[in-house]
>>> print(open('run08.csv').read())   # CSV, C-alpha atoms
chain,number,residue,atom,x,y,z
A,1,MET,CA,-92.8,17.5,-0.1
A,2,SER,CA,-91.6,16.0,3.1
A,3,GLU,CA,-88.0,14.8,3.9
A,4,GLU,CA,-89.0,11.1,3.5
A,5,GLU,CA,-90.3,11.6,0.0
A,6,ARG,CA,-87.3,13.6,-1.2
A,7,PRO,CA,-84.8,11.5,-3.3
A,8,PRO,CA,-81.4,10.9,-1.8
A,9,GLU,CA,-78.8,13.3,-3.1
A,10,SER,CA,-75.6,12.1,-4.6
A,11,ASN,CA,-72.6,12.2,-2.4
A,12,PRO,CA,-69.5,13.5,-4.4
A,13,ALA,CA,-67.2,11.5,-2.1
A,14,ASP,CA,-68.8,8.2,-3.1
A,15,GLY,CA,-67.5,8.7,-6.7
A,16,ALA,CA,-70.6,7.6,-8.7
A,17,PRO,CA,-74.1,9.1,-8.6
A,18,ALA,CA,-76.8,7.0,-7.1
A,19,PRO,CA,-79.2,5.5,-9.8
A,20,GLU,CA,-82.4,7.2,-10.2
A,21,ALA,CA,-85.7,5.5,-10.3
A,22,GLY,CA,-86.0,5.6,-14.1
A,23,ASP,CA,-82.7,3.6,-14.5
A,24,GLU,CA,-84.0,0.5,-12.9
A,25,SER,CA,-85.1,-0.9,-16.2
A,26,GLN,CA,-81.6,-0.5,-17.7
A,27,ALA,CA,-80.1,-2.2,-14.8
A,28,ASP,CA,-82.4,-5.1,-15.2
A,29,GLU,CA,-81.6,-5.5,-19.0
A,30,THR,CA,-77.8,-5.9,-18.5
A,31,PRO,CA,-77.7,-9.3,-16.9
A,32,VAL,CA,-80.3,-10.5,-19.4
A,33,ALA,CA,-77.9,-9.8,-22.3
A,34,SER,CA,-75.1,-11.7,-20.7
A,35,SER,CA,-77.4,-14.6,-20.1
A,36,GLU,CA,-78.4,-14.6,-23.7
A,37,ALA,CA,-74.8,-14.7,-24.9
A,38,ASP,CA,-74.2,-17.7,-22.6
A,39,SER,CA,-77.2,-19.5,-24.0
A,40,GLU,CA,-76.0,-19.0,-27.6
A,41,GLN,CA,-72.8,-21.0,-27.0
A,42,PRO,CA,-73.3,-24.8,-27.1
A,43,ALA,CA,-73.3,-26.4,-23.8
A,44,GLY,CA,-71.0,-29.2,-24.6
A,45,GLU,CA,-68.2,-27.0,-25.9
A,46,GLU,CA,-65.7,-25.3,-23.7
A,47,PRO,CA,-63.9,-22.1,-24.7
A,48,GLU,CA,-60.7,-22.7,-26.6
A,49,ALA,CA,-57.6,-22.1,-24.5
A,50,GLU,CA,-54.7,-20.4,-26.2
A,51,VAL,CA,-52.0,-23.0,-27.1
A,52,VAL,CA,-48.5,-21.9,-26.1
A,53,GLN,CA,-45.8,-24.0,-27.8
A,54,ALA,CA,-43.0,-24.6,-25.3
A,55,GLU,CA,-39.5,-24.2,-26.6
A,56,PRO,CA,-37.6,-27.5,-26.7
A,57,ALA,CA,-35.3,-27.8,-23.7
A,58,ALA,CA,-31.7,-27.7,-24.5
A,59,PRO,CA,-29.9,-30.9,-24.0
A,60,GLU,CA,-28.1,-31.1,-20.7
A,61,GLN,CA,-24.4,-30.8,-21.1
A,62,PRO,CA,-22.2,-33.0,-19.0
A,63,ALA,CA,-20.5,-31.2,-16.2
A,64,ALA,CA,-16.9,-30.1,-17.1
A,65,ALA,CA,-14.3,-32.1,-15.3
A,66,PRO,CA,-12.1,-30.0,-13.0
A,67,PRO,CA,-8.8,-29.0,-14.5
A,68,GLU,CA,-5.9,-31.2,-13.5
A,69,PRO,CA,-3.4,-29.4,-11.3
A,70,GLN,CA,-0.3,-28.5,-13.3
A,71,GLU,CA,3.1,-28.8,-11.9
A,72,TYR,CA,4.8,-25.5,-11.2
A,73,GLU,CA,8.1,-25.2,-13.0
A,74,PRO,CA,10.0,-22.1,-11.7
A,75,THR,CA,11.7,-20.2,-14.6
A,76,PRO,CA,15.4,-20.0,-14.1
A,77,ARG,CA,16.6,-16.5,-13.3
A,78,GLU,CA,18.9,-15.0,-15.9
A,79,LYS,CA,22.0,-13.5,-14.5
A,80,PRO,CA,22.5,-9.9,-15.4
A,81,GLU,CA,25.2,-9.2,-17.9
A,82,ILE,CA,28.3,-8.0,-16.1
A,83,PRO,CA,29.9,-4.9,-17.7
A,84,GLY,CA,33.3,-5.8,-19.0
A,85,ALA,CA,32.8,-9.6,-18.7
A,86,ASP,CA,34.0,-10.0,-22.3
A,87,LEU,CA,37.3,-8.2,-21.6
A,88,VAL,CA,40.5,-10.2,-21.2
A,89,PRO,CA,42.1,-9.5,-17.9
A,90,ASP,CA,45.6,-8.1,-18.2
A,91,VAL,CA,47.6,-10.3,-15.9
A,92,LEU,CA,51.2,-9.4,-15.3
A,93,PRO,CA,53.9,-12.0,-15.2
A,94,GLU,CA,55.0,-13.4,-11.9
A,95,ASP,CA,58.3,-11.6,-12.1
A,96,ASP,CA,56.7,-8.2,-12.7
A,97,GLU,CA,53.9,-8.7,-10.2
A,98,PHE,CA,55.3,-6.1,-7.8
A,99,LEU,CA,56.9,-3.2,-9.7
A,100,ASP,CA,58.7,-0.5,-7.9
A,101,ALA,CA,57.9,3.2,-8.5
A,102,GLU,CA,60.8,3.6,-10.9
A,103,ALA,CA,59.6,0.7,-13.1
A,104,GLN,CA,56.1,2.0,-13.1
A,105,ALA,CA,57.2,5.5,-14.1
A,106,ALA,CA,59.4,4.0,-16.9
A,107,ALA,CA,56.4,2.1,-18.2
A,108,GLU,CA,54.2,5.2,-18.1
A,109,ALA,CA,56.9,7.2,-19.9
A,110,GLU,CA,57.2,4.6,-22.6
A,111,ALA,CA,53.4,4.7,-23.1
A,112,GLU,CA,53.5,8.5,-23.4
A,113,ALA,CA,56.3,8.3,-25.9
A,114,ALA,CA,54.5,5.7,-28.0
A,115,ALA,CA,51.4,7.9,-28.0
A,116,ALA,CA,53.5,10.9,-29.1
A,117,ALA,CA,55.1,8.9,-31.8
A,118,ALA,CA,51.7,7.7,-33.1
A,119,GLU,CA,50.5,11.3,-33.4
A,120,ALA,CA,53.4,12.2,-35.7
A,121,ASP,CA,53.0,9.5,-38.3
A,122,GLU,CA,52.8,9.3,-42.1
A,123,PRO,CA,51.5,12.8,-42.8
A,124,GLU,CA,54.4,14.4,-40.9
A,125,ALA,CA,57.0,12.0,-42.3
A,126,GLN,CA,57.5,14.0,-45.5
A,127,PRO,CA,60.6,16.1,-45.1
A,128,ILE,CA,60.4,19.9,-45.4
A,129,ALA,CA,61.4,20.8,-49.0
A,130,ASP,CA,62.7,24.3,-48.5
A,131,ALA,CA,65.2,23.5,-45.8
A,132,ALA,CA,68.6,25.2,-46.5
A,133,ILE,CA,71.2,24.7,-43.8
A,134,ASP,CA,74.8,25.7,-44.3
A,135,LEU,CA,76.9,22.5,-43.8
A,136,ALA,CA,80.3,24.1,-43.8
A,137,ALA,CA,83.1,22.2,-42.1
A,138,GLY,CA,83.2,24.4,-39.1
A,139,ALA,CA,79.4,25.1,-38.7
A,140,ARG,CA,78.1,24.7,-35.2
A,141,TYR,CA,74.5,25.3,-34.1
A,142,THR,CA,73.7,25.2,-30.4
A,143,ALA,CA,70.5,25.3,-28.4
A,144,THR,CA,69.0,24.2,-25.1
A,145,GLY,CA,65.9,22.0,-24.7
A,146,LYS,CA,63.9,21.3,-21.5
A,147,ARG,CA,61.1,19.0,-20.3
A,148,LYS,CA,60.1,18.8,-16.6
A,149,SER,CA,63.4,18.9,-14.7
A,150,ALA,CA,65.5,17.5,-17.6
A,151,VAL,CA,67.8,19.9,-19.4
A,152,ALA,CA,69.6,19.1,-22.7
A,153,ARG,CA,72.3,21.3,-24.3
A,154,VAL,CA,72.6,20.3,-27.9
A,155,ILE,CA,75.2,21.0,-30.6
A,156,LEU,CA,74.5,20.3,-34.3
A,157,LYS,CA,77.3,19.9,-36.8
A,158,PRO,CA,77.8,18.4,-40.2
A,159,GLY,CA,78.3,14.6,-40.1
A,160,THR,CA,76.8,11.2,-40.9
A,161,GLY,CA,73.8,11.2,-38.5
A,162,THR,CA,75.4,9.9,-35.3
A,163,TYR,CA,74.2,10.8,-31.8
A,164,LEU,CA,76.6,11.2,-28.8
A,165,ILE,CA,74.8,11.9,-25.5
A,166,ASN,CA,77.0,12.2,-22.4
A,167,ASP,CA,79.7,10.4,-24.3
A,168,LYS,CA,77.3,7.5,-25.0
A,169,THR,CA,75.6,6.4,-28.2
A,170,LEU,CA,71.9,6.8,-28.8
A,171,ASP,CA,71.2,3.1,-28.5
A,172,VAL,CA,73.1,2.9,-25.2
A,173,PHE,CA,71.6,6.0,-23.6
A,174,PHE,CA,68.0,5.3,-24.8
A,175,PRO,CA,67.5,1.6,-25.1
A,176,ARG,CA,63.8,1.9,-26.0
A,177,GLU,CA,62.9,2.3,-29.7
A,178,THR,CA,60.0,4.6,-29.0
A,179,LEU,CA,62.2,7.1,-27.3
A,180,ARG,CA,64.8,6.9,-30.1
A,181,ARG,CA,62.1,7.6,-32.6
A,182,VAL,CA,61.0,10.7,-30.7
A,183,ILE,CA,64.5,12.0,-30.7
A,184,ARG,CA,65.0,11.5,-34.5
A,185,HIS,CA,61.8,13.3,-35.5
A,186,PRO,CA,63.2,16.9,-36.0
A,187,LEU,CA,66.1,15.9,-38.2
A,188,GLU,CA,63.9,13.5,-40.2
A,189,ALA,CA,61.4,16.3,-40.7
A,190,VAL,CA,63.9,18.6,-42.4
A,191,GLY,CA,65.6,15.7,-44.3
A,192,TYR,CA,69.0,16.1,-42.6
A,193,ASP,CA,68.9,12.9,-40.5
A,194,SER,CA,71.9,11.4,-42.3
A,195,ARG,CA,73.9,14.7,-42.9
A,196,MET,CA,74.2,16.1,-39.4
A,197,ASP,CA,75.6,14.8,-36.1
A,198,VAL,CA,74.1,15.6,-32.6
A,199,VAL,CA,76.3,16.1,-29.5
A,200,ALA,CA,74.4,16.6,-26.2
A,201,ARG,CA,75.0,17.0,-22.5
A,202,MET,CA,72.0,16.1,-20.3
A,203,HIS,CA,71.1,16.1,-16.7
A,204,GLY,CA,68.0,15.8,-14.5
A,205,GLY,CA,64.6,14.1,-15.2
A,206,GLY,CA,63.8,10.6,-16.3
A,207,VAL,CA,64.4,8.8,-19.5
A,208,ALA,CA,61.1,10.1,-21.2
A,209,ALA,CA,61.7,13.7,-20.1
A,210,GLN,CA,65.3,13.5,-21.3
A,211,ALA,CA,64.1,12.2,-24.7
A,212,GLU,CA,61.6,15.1,-25.1
A,213,ALA,CA,64.1,17.6,-23.8
A,214,LEU,CA,66.6,16.4,-26.5
A,215,ARG,CA,64.0,16.7,-29.2
A,216,HIS,CA,63.2,20.2,-28.0
A,217,GLY,CA,66.9,21.1,-28.1
A,218,ILE,CA,67.5,19.7,-31.6
A,219,SER,CA,64.5,21.6,-32.9
A,220,ARG,CA,65.7,24.9,-31.5
A,221,ALA,CA,69.2,24.3,-32.9
A,222,LEU,CA,67.6,23.8,-36.4
A,223,ILE,CA,65.9,27.2,-36.0
A,224,VAL,CA,69.3,28.7,-35.4
A,225,ALA,CA,70.6,27.0,-38.6
A,226,ASP,CA,67.6,28.1,-40.7
A,227,PRO,CA,65.0,30.5,-39.3
A,228,HIS,CA,62.6,29.6,-42.2
A,229,LEU,CA,61.9,26.2,-40.6
A,230,ARG,CA,60.2,27.7,-37.6
A,231,GLY,CA,56.7,27.5,-39.0
A,232,GLU,CA,56.8,23.8,-40.1
A,233,LEU,CA,58.5,22.7,-36.9
A,234,LYS,CA,56.1,24.6,-34.7
A,235,ARG,CA,53.1,23.2,-36.6
A,236,ARG,CA,54.4,19.7,-35.9
A,237,GLY,CA,54.8,20.5,-32.2
A,238,PHE,CA,58.6,20.2,-31.9
A,239,LEU,CA,59.1,23.7,-30.6
A,240,THR,CA,56.5,23.6,-27.9
A,241,ARG,CA,57.9,23.0,-24.4
A,242,ASP,CA,55.5,20.8,-22.5
A,243,PRO,CA,54.8,22.7,-19.3
A,244,ARG,CA,53.3,19.8,-17.4
A,245,VAL,CA,55.3,19.1,-14.2
A,246,LYS,CA,54.6,17.2,-11.0
A,247,GLU,CA,52.9,19.3,-8.4
A,248,ARG,CA,54.9,20.0,-5.3
A,249,LYS,CA,54.0,18.5,-1.9
A,250,LYS,CA,52.4,20.9,0.6
A,251,ALA,CA,53.1,21.0,4.3
A,252,GLY,CA,50.6,19.0,6.4
A,253,LEU,CA,49.6,16.8,3.4
A,254,LYS,CA,50.8,13.4,2.5
A,255,LYS,CA,51.3,14.4,-1.1
A,256,ALA,CA,50.5,17.3,-3.3
A,257,ARG,CA,46.8,17.1,-2.5
A,258,LYS,CA,46.3,13.9,-0.5
A,259,ARG,CA,45.2,14.7,3.1
A,260,PRO,CA,45.5,12.6,6.2
A,261,GLN,CA,42.4,10.6,7.2
A,262,PHE,CA,40.1,12.5,9.5
A,263,SER,CA,39.8,11.1,13.1
A,264,LYS,CA,37.2,12.3,15.4
A,265,ARG,CA,38.8,10.9,18.5
>>> encode(input="run08.csv", output="structure tokens")
Amino acid sequence: MSEEERPPESNPADGAPAPEAGDESQADETPVASSEADSEQPAGEEPEAEVVQAEPAAPEQPAAAPPEPQEYEPTPREKPEIPGADLVPDVLPEDDEFLDAEAQAAAEAEAEAAAAAAEADEPEAQPIADAAIDLAAGARYTATGKRKSAVARVILKPGTGTYLINDKTLDVFFPRETLRRVIRHPLEAVGYDSRMDVVARMHGGGVAAQAEALRHGISRALIVADPHLRGELKRRGFLTRDPRVKERKKAGLKKARKRPQFSKR
């Protein structure tokens, strides 16, 4: 067989094999089938198209009107609550606007005495039941009391409850009721406030220090009269000598601890 009569070989790159000579009849029959299908359909009728129902369009909404501009109202700022605004200011009278150092010290002393008197109130007002003091005609009980730089030398003797301090009565020497109450505490505690007289010599210190020194001296004199009273008087604080004193001034300082202001130049 020559090369011209040999059938063409299929090329794998072309993807499909070439049709052979025997397949020509099949290729001819395929278009005939399609033509027959077309001849069966009536000529006047067209193929039905698929009917797609369209969704009803939503009604158009009117465009929203732009919001009206609102007037800006600034919120008022609340003032912060000032600490102590509800307190009533303590205004001094015009006469006492400028108090000297002595008057200020006297006012502080009165405040301290009032605080001390408030501490020894109703529970301590009951007199000591087992007090037994010899009230003979010639009985004398002496002692010394101190507070800060005040010194009180006290003599207790039977009497009617009078006080004689530097040849002055109690009301004259101590015009403040708070200080007089402090002085009467020891004798009232033992129940002898109307059965004994007090004679005292005092020097040094201020009025508040002298009052506490006198109370200290009377309490010590009661211990001399009856040693069994020591426990009760000590429990009430009458025998304790208050050691607080003013700190002395140092050399080079303005006061006890106050220093001069530093100056670089």
>>> closest_residue(input="run08.csv", among="A:Ala225, A:Leu253, A:Met202, A:Leu179", to="Ala114 (chain A)", atoms="all atoms listed in the file")
A:Leu179
>>> atom_distance(input="run08.csv", atom1="CA of Arg195 (chain A)", atom2="CA of Arg230 (chain A)")
19.6 Å
>>> atom_distance(input="run08.csv", atom1="CA of Ala213 (chain A)", atom2="CA of Leu170 (chain A)")
14.2 Å
>>> residues_around(input="run08.csv", residues="Thr240 (chain A)", least_positions_apart="2", cutoff="12 Å", atoms="all atoms listed in the file", output="PDB file with C-alpha atoms, in the coordinates of the input")
ATOM      1  CA  GLY A 145      65.900  22.000 -24.700  1.00  0.00           C
ATOM      2  CA  LYS A 146      63.900  21.300 -21.500  1.00  0.00           C
ATOM      3  CA  ARG A 147      61.100  19.000 -20.300  1.00  0.00           C
ATOM      4  CA  GLU A 212      61.600  15.100 -25.100  1.00  0.00           C
ATOM      5  CA  ALA A 213      64.100  17.600 -23.800  1.00  0.00           C
ATOM      6  CA  ARG A 215      64.000  16.700 -29.200  1.00  0.00           C
ATOM      7  CA  HIS A 216      63.200  20.200 -28.000  1.00  0.00           C
ATOM      8  CA  GLY A 217      66.900  21.100 -28.100  1.00  0.00           C
ATOM      9  CA  SER A 219      64.500  21.600 -32.900  1.00  0.00           C
ATOM     10  CA  ARG A 220      65.700  24.900 -31.500  1.00  0.00           C
ATOM     11  CA  ARG A 230      60.200  27.700 -37.600  1.00  0.00           C
ATOM     12  CA  GLY A 231      56.700  27.500 -39.000  1.00  0.00           C
ATOM     13  CA  LEU A 233      58.500  22.700 -36.900  1.00  0.00           C
ATOM     14  CA  LYS A 234      56.100  24.600 -34.700  1.00  0.00           C
ATOM     15  CA  ARG A 235      53.100  23.200 -36.600  1.00  0.00           C
ATOM     16  CA  ARG A 236      54.400  19.700 -35.900  1.00  0.00           C
ATOM     17  CA  GLY A 237      54.800  20.500 -32.200  1.00  0.00           C
ATOM     18  CA  PHE A 238      58.600  20.200 -31.900  1.00  0.00           C
ATOM     19  CA  ASP A 242      55.500  20.800 -22.500  1.00  0.00           C
ATOM     20  CA  PRO A 243      54.800  22.700 -19.300  1.00  0.00           C
ATOM     21  CA  ARG A 244      53.300  19.800 -17.400  1.00  0.00           C
TER      22      ARG A 244
END
>>> atom_distance(input="run08.csv", atom1="CA of Leu156 (chain A)", atom2="CA of Lys168 (chain A)")
16.1 Å
